[in-house]
Each structure stands twice: as structure tokens, then as C-alpha cells.
file my_file_13.pdb (PDB, C-alpha atoms)
ATOM      1  CA  MET A   1     -58.996  83.594 -26.376
ATOM      2  CA  ASN A   2     -57.673  80.107 -26.950
ATOM      3  CA  PRO A   3     -54.221  80.167 -28.631
ATOM      4  CA  ILE A   4     -55.004  76.810 -30.271
ATOM      5  CA  ALA A   5     -57.318  78.810 -32.573
ATOM      6  CA  PHE A   6     -54.319  79.949 -34.599
ATOM      7  CA  ILE A   7     -54.037  76.395 -35.958
ATOM      8  CA  PRO A   8     -57.463  76.330 -37.700
ATOM      9  CA  LEU A   9     -56.975  79.970 -38.729
ATOM     10  CA  THR A  10     -53.828  78.911 -40.590
ATOM     11  CA  SER A  11     -55.724  75.956 -42.110
ATOM     12  CA  ALA A  12     -58.457  78.341 -43.282
ATOM     13  CA  VAL A  13     -55.999  80.704 -44.961
ATOM     14  CA  ILE A  14     -54.126  77.859 -46.704
ATOM     15  CA  SER A  15     -57.398  76.217 -47.831
ATOM     16  CA  LEU A  16     -58.737  79.518 -49.154
ATOM     17  CA  VAL A  17     -55.562  80.145 -51.156
ATOM     18  CA  PHE A  18     -55.771  76.559 -52.431
ATOM     19  CA  SER A  19     -59.429  77.042 -53.361
ATOM     20  CA  VAL A  20     -58.711  80.233 -55.325
ATOM     21  CA  PHE A  21     -55.740  78.547 -57.006
ATOM     22  CA  VAL A  22     -57.849  75.590 -58.170
ATOM     23  CA  PHE A  23     -60.731  77.849 -59.200
ATOM     24  CA  ARG A  24     -58.407  79.853 -61.434
ATOM     25  CA  ARG A  25     -57.347  76.584 -62.983
ATOM     26  CA  TYR A  26     -61.029  75.763 -63.551
ATOM     27  CA  LEU A  27     -61.519  79.116 -65.303
ATOM     28  CA  GLU A  28     -58.601  78.280 -67.599
ATOM     29  CA  LYS A  29     -59.512  74.686 -68.470
ATOM     30  CA  HIS A  30     -63.200  74.273 -67.531
ATOM     31  CA  HIS A  31     -62.685  70.837 -65.959
ATOM     32  CA  THR A  32     -65.509  69.945 -63.563
ATOM     33  CA  HIS A  33     -63.162  68.228 -61.095
ATOM     34  CA  ASN A  34     -61.277  71.495 -60.575
ATOM     35  CA  LEU A  35     -64.543  73.313 -59.804
ATOM     36  CA  LEU A  36     -65.539  70.676 -57.237
ATOM     37  CA  TRP A  37     -62.107  70.663 -55.605
ATOM     38  CA  SER A  38     -62.287  74.433 -55.425
ATOM     39  CA  ILE A  39     -65.701  74.225 -53.731
ATOM     40  CA  GLY A  40     -64.411  71.461 -51.433
ATOM     41  CA  MET A  41     -61.414  73.544 -50.363
ATOM     42  CA  LEU A  42     -63.706  76.535 -49.809
ATOM     43  CA  PHE A  43     -65.736  74.324 -47.431
ATOM     44  CA  TYR A  44     -62.420  73.351 -45.776
ATOM     45  CA  ALA A  45     -61.649  77.065 -45.314
ATOM     46  CA  ILE A  46     -65.114  77.771 -43.877
ATOM     47  CA  GLY A  47     -64.676  74.908 -41.403
ATOM     48  CA  GLY A  48     -61.276  76.219 -40.313
ATOM     49  CA  ALA A  49     -62.566  79.783 -40.016
ATOM     50  CA  CYS A  50     -65.462  78.639 -37.791
ATOM     51  CA  GLU A  51     -63.051  76.697 -35.554
ATOM     52  CA  ALA A  52     -60.858  79.793 -35.289
ATOM     53  CA  PHE A  53     -63.920  81.957 -34.508
ATOM     54  CA  TYR A  54     -64.872  79.604 -31.680
ATOM     55  CA  GLY A  55     -61.335  79.694 -30.288
ATOM     56  CA  PHE A  56     -61.056  83.495 -30.424
ATOM     57  CA  LEU A  57     -64.601  84.640 -29.639
ATOM     58  CA  GLY A  58     -66.424  81.662 -28.143
ATOM     59  CA  TRP A  59     -69.701  79.902 -28.822
ATOM     60  CA  ASN A  60     -72.065  81.083 -31.533
ATOM     61  CA  PRO A  61     -74.877  78.816 -32.785
ATOM     62  CA  LEU A  62     -74.726  80.045 -36.404
ATOM     63  CA  VAL A  63     -70.956  79.576 -36.557
ATOM     64  CA  PHE A  64     -71.366  76.108 -35.056
ATOM     65  CA  ARG A  65     -73.981  75.133 -37.678
ATOM     66  CA  LEU A  66     -71.772  76.468 -40.489
ATOM     67  CA  TRP A  67     -68.826  74.521 -39.073
ATOM     68  CA  TYR A  68     -70.758  71.296 -38.777
ATOM     69  CA  LEU A  69     -72.318  71.593 -42.236
ATOM     70  CA  PHE A  70     -69.254  72.623 -44.227
ATOM     71  CA  GLY A  71     -66.357  71.478 -42.049
ATOM     72  CA  ALA A  72     -67.653  68.204 -40.641
ATOM     73  CA  LEU A  73     -70.343  67.021 -43.074
ATOM     74  CA  LEU A  74     -69.649  68.163 -46.636
ATOM     75  CA  VAL A  75     -65.965  68.937 -47.172
ATOM     76  CA  ALA A  76     -64.647  65.406 -47.788
ATOM     77  CA  ALA A  77     -67.628  64.396 -49.934
ATOM     78  CA  TRP A  78     -67.324  67.398 -52.266
ATOM     79  CA  LEU A  79     -63.571  66.948 -52.620
ATOM     80  CA  GLY A  80     -64.147  63.261 -53.311
ATOM     81  CA  GLN A  81     -66.795  64.136 -55.883
ATOM     82  CA  GLY A  82     -64.108  66.075 -57.770
ATOM     83  CA  THR A  83     -62.053  62.905 -57.988
ATOM     84  CA  VAL A  84     -65.136  60.977 -59.126
ATOM     85  CA  TYR A  85     -65.489  63.444 -62.023
ATOM     86  CA  LEU A  86     -61.809  62.961 -62.821
ATOM     87  CA  LEU A  87     -61.869  59.159 -62.892
ATOM     88  CA  ALA A  88     -65.434  57.884 -63.407
ATOM     89  CA  LYS A  89     -67.567  57.943 -66.525
ATOM     90  CA  PRO A  90     -69.439  61.259 -66.883
ATOM     91  CA  ARG A  91     -72.863  59.619 -66.566
ATOM     92  CA  LEU A  92     -71.970  57.896 -63.263
ATOM     93  CA  ALA A  93     -70.297  61.068 -61.978
ATOM     94  CA  ASN A  94     -73.411  63.103 -62.824
ATOM     95  CA  ILE A  95     -75.710  60.628 -61.044
ATOM     96  CA  LEU A  96     -73.498  60.665 -57.933
ATOM     97  CA  MET A  97     -73.386  64.478 -58.122
ATOM     98  CA  VAL A  98     -77.184  64.652 -58.025
ATOM     99  CA  VAL A  99     -77.249  62.260 -55.043
ATOM    100  CA  LEU A 100     -74.563  64.317 -53.272
ATOM    101  CA  ALA A 101     -76.356  67.616 -53.977
ATOM    102  CA  LEU A 102     -79.664  66.275 -52.637
ATOM    103  CA  GLY A 103     -77.881  64.724 -49.653
ATOM    104  CA  SER A 104     -76.130  68.027 -48.973
ATOM    105  CA  LEU A 105     -79.447  69.916 -49.019
ATOM    106  CA  PHE A 106     -80.941  67.349 -46.648
ATOM    107  CA  GLY A 107     -77.859  67.635 -44.422
ATOM    108  CA  ALA A 108     -78.135  71.442 -44.419
ATOM    109  CA  TYR A 109     -81.802  71.197 -43.403
ATOM    110  CA  ARG A 110     -81.002  68.776 -40.570
ATOM    111  CA  VAL A 111     -78.045  70.814 -39.296
ATOM    112  CA  PHE A 112     -79.900  74.142 -39.370
ATOM    113  CA  THR A 113     -82.976  72.737 -37.618
ATOM    114  CA  ALA A 114     -81.061  70.731 -34.994
ATOM    115  CA  GLN A 115     -81.242  71.629 -31.326
ATOM    116  CA  LEU A 116     -77.874  72.680 -29.927
ATOM    117  CA  ASP A 117     -76.353  72.716 -26.482
ATOM    118  CA  PRO A 118     -72.703  73.840 -26.212
ATOM    119  CA  ALA A 119     -72.446  72.000 -22.891
ATOM    120  CA  GLY A 120     -72.601  68.820 -24.975
ATOM    121  CA  MET A 121     -69.083  69.556 -26.244
ATOM    122  CA  ILE A 122     -67.751  69.052 -22.735
ATOM    123  CA  SER A 123     -67.831  65.400 -21.794
ATOM    124  CA  SER A 124     -65.636  62.769 -20.232
ATOM    125  CA  LEU A 125     -63.734  62.759 -23.534
ATOM    126  CA  HIS A 126     -63.833  66.410 -24.598
ATOM    127  CA  THR A 127     -62.600  69.479 -22.739
ATOM    128  CA  GLY A 128     -64.645  71.823 -24.934
ATOM    129  CA  SER A 129     -61.510  73.578 -26.236
ATOM    130  CA  GLU A 130     -62.369  72.411 -29.767
ATOM    131  CA  LEU A 131     -65.655  72.358 -31.624
ATOM    132  CA  SER A 132     -67.299  68.961 -31.509
ATOM    133  CA  GLY A 133     -70.504  67.466 -32.821
ATOM    134  CA  GLY A 134     -71.438  66.716 -29.206
ATOM    135  CA  ALA A 135     -73.294  70.054 -29.149
ATOM    136  CA  ILE A 136     -75.972  68.603 -31.440
ATOM    137  CA  GLN A 137     -78.839  67.299 -29.338
ATOM    138  CA  THR A 138     -81.268  66.236 -32.078
ATOM    139  CA  PRO A 139     -80.939  62.487 -32.699
ATOM    140  CA  GLY A 140     -79.864  61.269 -36.127
ATOM    141  CA  VAL A 141     -78.016  64.384 -37.310
ATOM    142  CA  ARG A 142     -74.554  63.131 -36.347
ATOM    143  CA  MET A 143     -75.335  59.782 -37.945
ATOM    144  CA  LEU A 144     -75.165  61.516 -41.344
ATOM    145  CA  THR A 145     -71.454  62.389 -41.127
ATOM    146  CA  PRO A 146     -69.949  58.893 -41.517
ATOM    147  CA  PHE A 147     -71.858  58.371 -44.787
ATOM    148  CA  PHE A 148     -70.634  61.638 -46.325
ATOM    149  CA  ASN A 149     -67.106  61.240 -44.976
ATOM    150  CA  LEU A 150     -66.784  57.599 -45.968
ATOM    151  CA  TYR A 151     -67.856  58.405 -49.527
ATOM    152  CA  GLY A 152     -65.574  61.429 -49.723
ATOM    153  CA  THR A 153     -62.524  59.845 -48.144
ATOM    154  CA  LEU A 154     -62.775  56.632 -50.154
ATOM    155  CA  ALA A 155     -63.271  58.585 -53.390
ATOM    156  CA  LEU A 156     -60.478  61.072 -52.715
ATOM    157  CA  VAL A 157     -57.934  58.693 -51.158
ATOM    158  CA  GLY A 158     -58.931  55.712 -53.291
ATOM    159  CA  GLY A 159     -58.901  57.811 -56.462
ATOM    160  CA  ALA A 160     -55.481  59.272 -55.684
ATOM    161  CA  LEU A 161     -54.047  55.821 -54.864
ATOM    162  CA  TYR A 162     -55.575  54.349 -58.016
ATOM    163  CA  SER A 163     -54.163  57.145 -60.198
ATOM    164  CA  ALA A 164     -50.746  56.842 -58.575
ATOM    165  CA  PHE A 165     -50.760  53.076 -59.112
ATOM    166  CA  LEU A 166     -51.723  53.381 -62.797
ATOM    167  CA  PHE A 167     -48.955  55.889 -63.540
ATOM    168  CA  PHE A 168     -46.457  53.918 -61.462
ATOM    169  CA  ARG A 169     -47.243  50.679 -63.272
ATOM    170  CA  LYS A 170     -46.508  52.334 -66.615
ATOM    171  CA  ARG A 171     -43.574  54.294 -65.167
ATOM    172  CA  VAL A 172     -44.856  57.553 -66.648
ATOM    173  CA  LEU A 173     -45.577  61.029 -65.270
ATOM    174  CA  LEU A 174     -43.617  60.731 -62.033
ATOM    175  CA  HIS A 175     -44.937  64.092 -60.837
ATOM    176  CA  ARG A 176     -48.495  62.744 -60.977
ATOM    177  CA  VAL A 177     -47.490  59.678 -58.928
ATOM    178  CA  VAL A 178     -45.786  61.776 -56.257
ATOM    179  CA  GLY A 179     -48.615  64.328 -56.283
ATOM    180  CA  ASN A 180     -51.288  61.664 -55.890
ATOM    181  CA  VAL A 181     -49.422  59.967 -53.042
ATOM    182  CA  LEU A 182     -49.307  63.342 -51.271
ATOM    183  CA  ILE A 183     -52.997  64.008 -52.027
ATOM    184  CA  ALA A 184     -53.942  60.599 -50.575
ATOM    185  CA  THR A 185     -51.847  61.334 -47.478
ATOM    186  CA  GLY A 186     -53.308  64.819 -47.036
ATOM    187  CA  ALA A 187     -56.838  63.528 -47.487
ATOM    188  CA  ILE A 188     -56.576  60.737 -44.942
ATOM    189  CA  LEU A 189     -55.090  62.915 -42.191
ATOM    190  CA  PRO A 190     -58.261  64.923 -41.323
ATOM    191  CA  ALA A 191     -60.266  61.678 -41.434
ATOM    192  CA  PHE A 192     -57.989  60.255 -38.729
ATOM    193  CA  GLY A 193     -58.104  63.552 -36.852
ATOM    194  CA  GLY A 194     -61.896  63.450 -36.825
ATOM    195  CA  ALA A 195     -61.884  59.854 -35.600
ATOM    196  CA  PHE A 196     -59.307  60.598 -32.881
ATOM    197  CA  SER A 197     -61.294  63.677 -31.861
ATOM    198  CA  ARG A 198     -64.258  61.406 -31.174
ATOM    199  CA  PHE A 199     -62.008  59.501 -28.787
ATOM    200  CA  GLY A 200     -61.193  62.789 -27.048
ATOM    201  CA  ILE A 201     -57.583  63.260 -28.127
ATOM    202  CA  PRO A 202     -57.015  67.039 -27.734
ATOM    203  CA  GLY A 203     -55.706  68.924 -30.745
ATOM    204  CA  ALA A 204     -56.015  65.892 -33.040
ATOM    205  CA  LEU A 205     -58.660  67.448 -35.271
ATOM    206  CA  TYR A 206     -57.134  70.896 -35.725
ATOM    207  CA  ILE A 207     -53.560  69.669 -36.217
ATOM    208  CA  SER A 208     -54.592  66.956 -38.670
ATOM    209  CA  GLU A 209     -56.679  69.478 -40.627
ATOM    210  CA  LEU A 210     -53.709  71.859 -40.868
ATOM    211  CA  LEU A 211     -51.315  69.124 -41.967
ATOM    212  CA  GLY A 212     -53.977  67.799 -44.355
ATOM    213  CA  ALA A 213     -54.454  71.220 -46.009
ATOM    214  CA  ILE A 214     -50.703  71.727 -46.401
ATOM    215  CA  ILE A 215     -50.034  68.250 -47.826
ATOM    216  CA  LEU A 216     -53.081  68.389 -50.133
ATOM    217  CA  PHE A 217     -51.897  71.728 -51.519
ATOM    218  CA  ILE A 218     -48.329  70.494 -52.034
ATOM    219  CA  GLY A 219     -49.711  67.324 -53.641
ATOM    220  CA  PHE A 220     -51.884  69.324 -56.029
ATOM    221  CA  LEU A 221     -48.960  71.576 -56.984
ATOM    222  CA  ARG A 222     -46.724  68.543 -57.472
ATOM    223  CA  ALA A 223     -49.289  66.680 -59.569
ATOM    224  CA  THR A 224     -49.745  69.667 -61.872
ATOM    225  CA  SER A 225     -46.046  70.582 -62.330
ATOM    226  CA  PRO A 226     -43.931  68.130 -64.338
ATOM    227  CA  MET A 227     -40.696  67.045 -62.691
ATOM    228  CA  PRO A 228     -37.437  67.260 -64.638
ATOM    229  CA  VAL A 229     -36.620  63.657 -65.505
ATOM    230  CA  GLN A 230     -32.947  62.750 -65.600
ATOM    231  CA  LYS A 231     -31.975  60.664 -68.570
ATOM    232  CA  ALA A 232     -30.085  58.319 -66.291
ATOM    233  CA  ALA A 233     -33.382  57.379 -64.685
ATOM    234  CA  ALA A 234     -34.511  55.598 -67.803
ATOM    235  CA  LEU A 235     -31.228  53.819 -68.445
ATOM    236  CA  PRO A 236     -31.616  50.657 -66.355
ATOM    237  CA  THR A 237     -33.792  48.355 -68.374
ATOM    238  CA  VAL A 238     -35.563  45.174 -67.482
ATOM    239  CA  SER A 239     -36.404  42.671 -70.173
ATOM    240  CA  SER A 240     -40.043  41.829 -70.220
TER     241      SER A 240
ATOM    242  CA  MET B   1     -38.620  45.230 -74.811
ATOM    243  CA  ALA B   2     -36.976  47.762 -72.529
ATOM    244  CA  ARG B   3     -38.988  48.906 -69.543
ATOM    245  CA  LYS B   4     -38.753  52.463 -68.303
ATOM    246  CA  GLN B   5     -37.883  53.091 -64.685
ATOM    247  CA  TYR B   6     -38.142  55.986 -62.289
ATOM    248  CA  PRO B   7     -35.092  57.174 -60.334
ATOM    249  CA  PRO B   8     -34.085  54.515 -57.756
ATOM    250  CA  PHE B   9     -35.450  56.441 -54.757
ATOM    251  CA  TYR B  10     -38.936  56.622 -56.257
ATOM    252  CA  GLU B  11     -38.795  53.002 -57.417
ATOM    253  CA  LYS B  12     -38.456  51.989 -53.763
ATOM    254  CA  ALA B  13     -40.436  54.712 -52.015
ATOM    255  CA  ILE B  14     -43.639  54.746 -54.089
ATOM    256  CA  PRO B  15     -44.720  51.110 -53.545
ATOM    257  CA  ILE B  16     -43.989  51.445 -49.820
ATOM    258  CA  ALA B  17     -46.047  54.660 -49.647
ATOM    259  CA  LEU B  18     -48.948  53.096 -51.546
ATOM    260  CA  VAL B  19     -49.021  50.075 -49.222
ATOM    261  CA  ILE B  20     -48.808  52.231 -46.069
ATOM    262  CA  ILE B  21     -51.643  54.529 -47.203
ATOM    263  CA  GLY B  22     -53.713  51.487 -48.173
ATOM    264  CA  LEU B  23     -53.196  50.035 -44.680
ATOM    265  CA  LEU B  24     -54.136  53.391 -43.148
ATOM    266  CA  VAL B  25     -57.398  53.362 -45.113
ATOM    267  CA  VAL B  26     -58.174  49.905 -43.712
ATOM    268  CA  ALA B  27     -57.297  51.117 -40.195
ATOM    269  CA  LEU B  28     -59.566  54.134 -40.674
ATOM    270  CA  LEU B  29     -62.451  51.919 -41.713
ATOM    271  CA  VAL B  30     -61.912  49.823 -38.566
ATOM    272  CA  ILE B  31     -61.874  52.970 -36.381
ATOM    273  CA  ILE B  32     -65.043  54.278 -38.045
ATOM    274  CA  GLY B  33     -66.624  50.879 -37.452
ATOM    275  CA  ILE B  34     -65.694  51.049 -33.760
ATOM    276  CA  VAL B  35     -67.056  54.623 -33.469
ATOM    277  CA  PHE B  36     -70.250  53.604 -35.249
ATOM    278  CA  SER B  37     -70.825  50.508 -33.139
ATOM    279  CA  SER B  38     -70.173  52.394 -29.884
ATOM    280  CA  GLN B  39     -72.967  54.915 -30.561
TER     281      GLN B  39
END
call {"tool": "encode", "arguments": {"input": "my_file_13.pdb", "output": "C-alpha cells"}}
result
Amino acid sequence: MNPIAFIPLTSAVISLVFSVFVFRRYLEKHHTHNLLWSIGMLFYAIGGACEAFYGFLGWNPLVFRLWYLFGALLVAAWLGQGTVYLLAKPRLANILMVVLALGSLFGAYRVFTAQLDPAGMISSLHTGSELSGGAIQTPGVRMLTPFFNLYGTLALVGGALYSAFLFFRKRVLLHRVVGNVLIATGAILPAFGGAFSRFGIPGALYISELLGAIILFIGFLRATSPMPVQKAAALPTVSS
Amino acid sequence: MARKQYPPFYEKAIPIALVIIGLLVVALLVIIGIVFSSQ
């Protein structure tokens, strides 16, 4: 048993709670972005659970495929798609949703038909203590991840930054500004962790995923709970 | 016309945070580019 597995286990529990929380919000308000964020955080939880499984019980090809599909390939893109539904016109969001759904099915097919070799996770850069895409032997499968993750990260981080900037410019809804800054921070952390993992920095992926899940959750809670505004805050005025 | 303001801490902290995260996004794109080109 690898004690580092407690880190992704914690990420999985936090992400699952987050997913249920957002799904309950979807049931109340029926906003598509909440449904997609809930699905995205469920993928996050599956990824964390697979990492924990590997740490506690060792290699399993099905668990690896589930991890790569949900934790490495789809999670950022589905979370980002939620933000696209929040900010883009419905028609554009629907078109991108169809593209993402088809891409996800294609990704699932490629991941579940790929040849695996766990020895590939041990290289000059990786010790094999963490799951890594190096186990995939079939060419072209790993090339899919940057496309999904770039789309997801840019949509999620870019959308949160854009929202924060709009509210900040008008000096309204401070809780949304703070929440979106936290969401952008939480979203970018796993992206860096994944990149650093490719360079063989041990623990980078799991720790960044845990911090990302925590900060995303806090950001979501902050963005959805108005902050008490002190009257004094609005007193200083600037002539325009 | 009077312009609303946030509490002083947020007036300073939010623009700094937005710029830092924006720079991190650029850095991430560069790292992804390096990873991509090294494969």
C-alpha cells in the first residue's frame, strides 16, 4: 500500500460531495451548467478513486482505463462545457456539446481498445508510484488529451476570469468575483499538476488535484453565497 | 456620477489575482507547447 493514495482518496471524496451538491442545485433550478459541473465533478471523483485504488491495491487494467478516460481525458472538458453553457449563446453551447459528446465517445473507444503495459509508467521520469498515461502503448491515444484539456481549461479558467472581470468592472456582486477568482485558481492547478507530472515531478498530480478540488468547491460556495457588504465600502466615490 | 467601490482589500487584491491567473494560463500554454513538441 502506498500512503500517497490517501491524497487522491481525499480528492475523490471532496469531488463527490461537490458533485452531489451541484446536482442538488441543478434539481432545484434546472440550469444546464449545474448539471455539467456535477457530471464534471463526478468524473473528477472517479479519477481520484482510481488513483487511490492503484495506490492501495495496485495495477488493474479496467481501473487504469477508467482513470485515463474520466480523470485524464474528460474531466476538464466537461467542467469547461458547464461554463460554456453559462456564458455562451445556447445555440453555440449546444453545438459544442454535441462535438464534446462525440469526442468523448471516440475517446472512450480509443481508451478501452488501447494496448496497455504498466511497465510504461516507470521511466526515467516516473517512479511508477502514480498513475501515468505512459502505460498506454497504442499510438495516438495520448495525443487526444491536450485537445480535451486545452478546451476545458480555457473554457473553465477563461470563463471564470471573464465573469470575475465583468463583475469587478461594474463593482457589483463581490461574492461572484471572489468565487470566480477561486474557481479559476482551482481549475488551473490540476492542469499544472498534469503538466508537471509529465516532467516526472513526484506528487505533483495528486497534490494539485486535491488542492484544485478544495479551491473549486470553496469558489463555488463563495460564488453562490452573497457576501455581507458594509455600507462603508460604497462610500468612497470617484467622479466619472 | 458616483462610482461604487468594493472594500479596499478587494479593490487591490482582485486585479492582482486576475493578472496572476492570466499569466499562469499563458505559462500553462507554453508548458503544453513544450510537452507537445517534445513528443
call {"tool": "residues_around", "arguments": {"input": "my_file_13.pdb", "residues": "Gly58 of chain A", "least_positions_apart": "6", "cutoff": "12 Å", "atoms": "only C-alpha atoms", "output": "JSON, numbers by chain"}}
result
{"A": [1, 2, 5, 50, 51, 52, 64, 118, 128, 129, 130, 131]}
call {"tool": "residues_around", "arguments": {"input": "my_file_13.pdb", "residues": "segment 155-170 of chain A", "least_positions_apart": "3", "cutoff": "9 Å", "atoms": "only C-alpha atoms", "output": "number ranges by chain"}}
result
A: 76-77, 79-84, 86-87, 150-152, 173-174, 176-188; B: 3-6, 11, 14-15, 18, 21-22, 25
call {"tool": "residues_around", "arguments": {"input": "my_file_13.pdb", "residues": "Ile46 of chain A", "least_positions_apart": "3", "cutoff": "9 Å", "atoms": "only C-alpha atoms", "output": "list in words"}}
result
Ala12, Ser15, Leu16, Met41, Leu42, Phe43, Ala49, Cys50, Glu51, Leu66, Trp67, Phe70 and Gly71 of chain A
call {"tool": "atom_distance", "arguments": {"input": "my_file_13.pdb", "atom1": "atom CA of Gly203 of chain A", "atom2": "atom CA of Leu189 of chain A"}}
result
12.9 Å
call {"tool": "atom_distance", "arguments": {"input": "my_file_13.pdb", "atom1": "atom CA of Arg198 of chain A", "atom2": "atom CA of Leu96 of chain A"}}
result
28.3 Å
call {"tool": "atom_distance", "arguments": {"input": "my_file_13.pdb", "atom1": "atom CA of Phe36 of chain B", "atom2": "atom CA of Phe106 of chain A"}}
result
20.8 Å
call {"tool": "resolve_selection", "arguments": {"input": "my_file_13.pdb", "expression": "the PyMOL selection byres ((chain A and resi 192) around 9)", "output": "list in words"}}
result
Ile188, Leu189, Pro190, Ala191, Gly193, Gly194, Ala195, Phe196, Ser197, Ala204, Leu205 and Ser208 of chain A; Leu28 and Ile31 of chain B
call {"tool": "residues_around", "arguments": {"input": "my_file_13.pdb", "residues": "Tyr68 of chain A", "least_positions_apart": "5", "cutoff": "8 Å", "atoms": "all atoms listed in the file", "output": "list in words"}}
result
Gly47, Leu73, Val111 and Gly133 of chain A
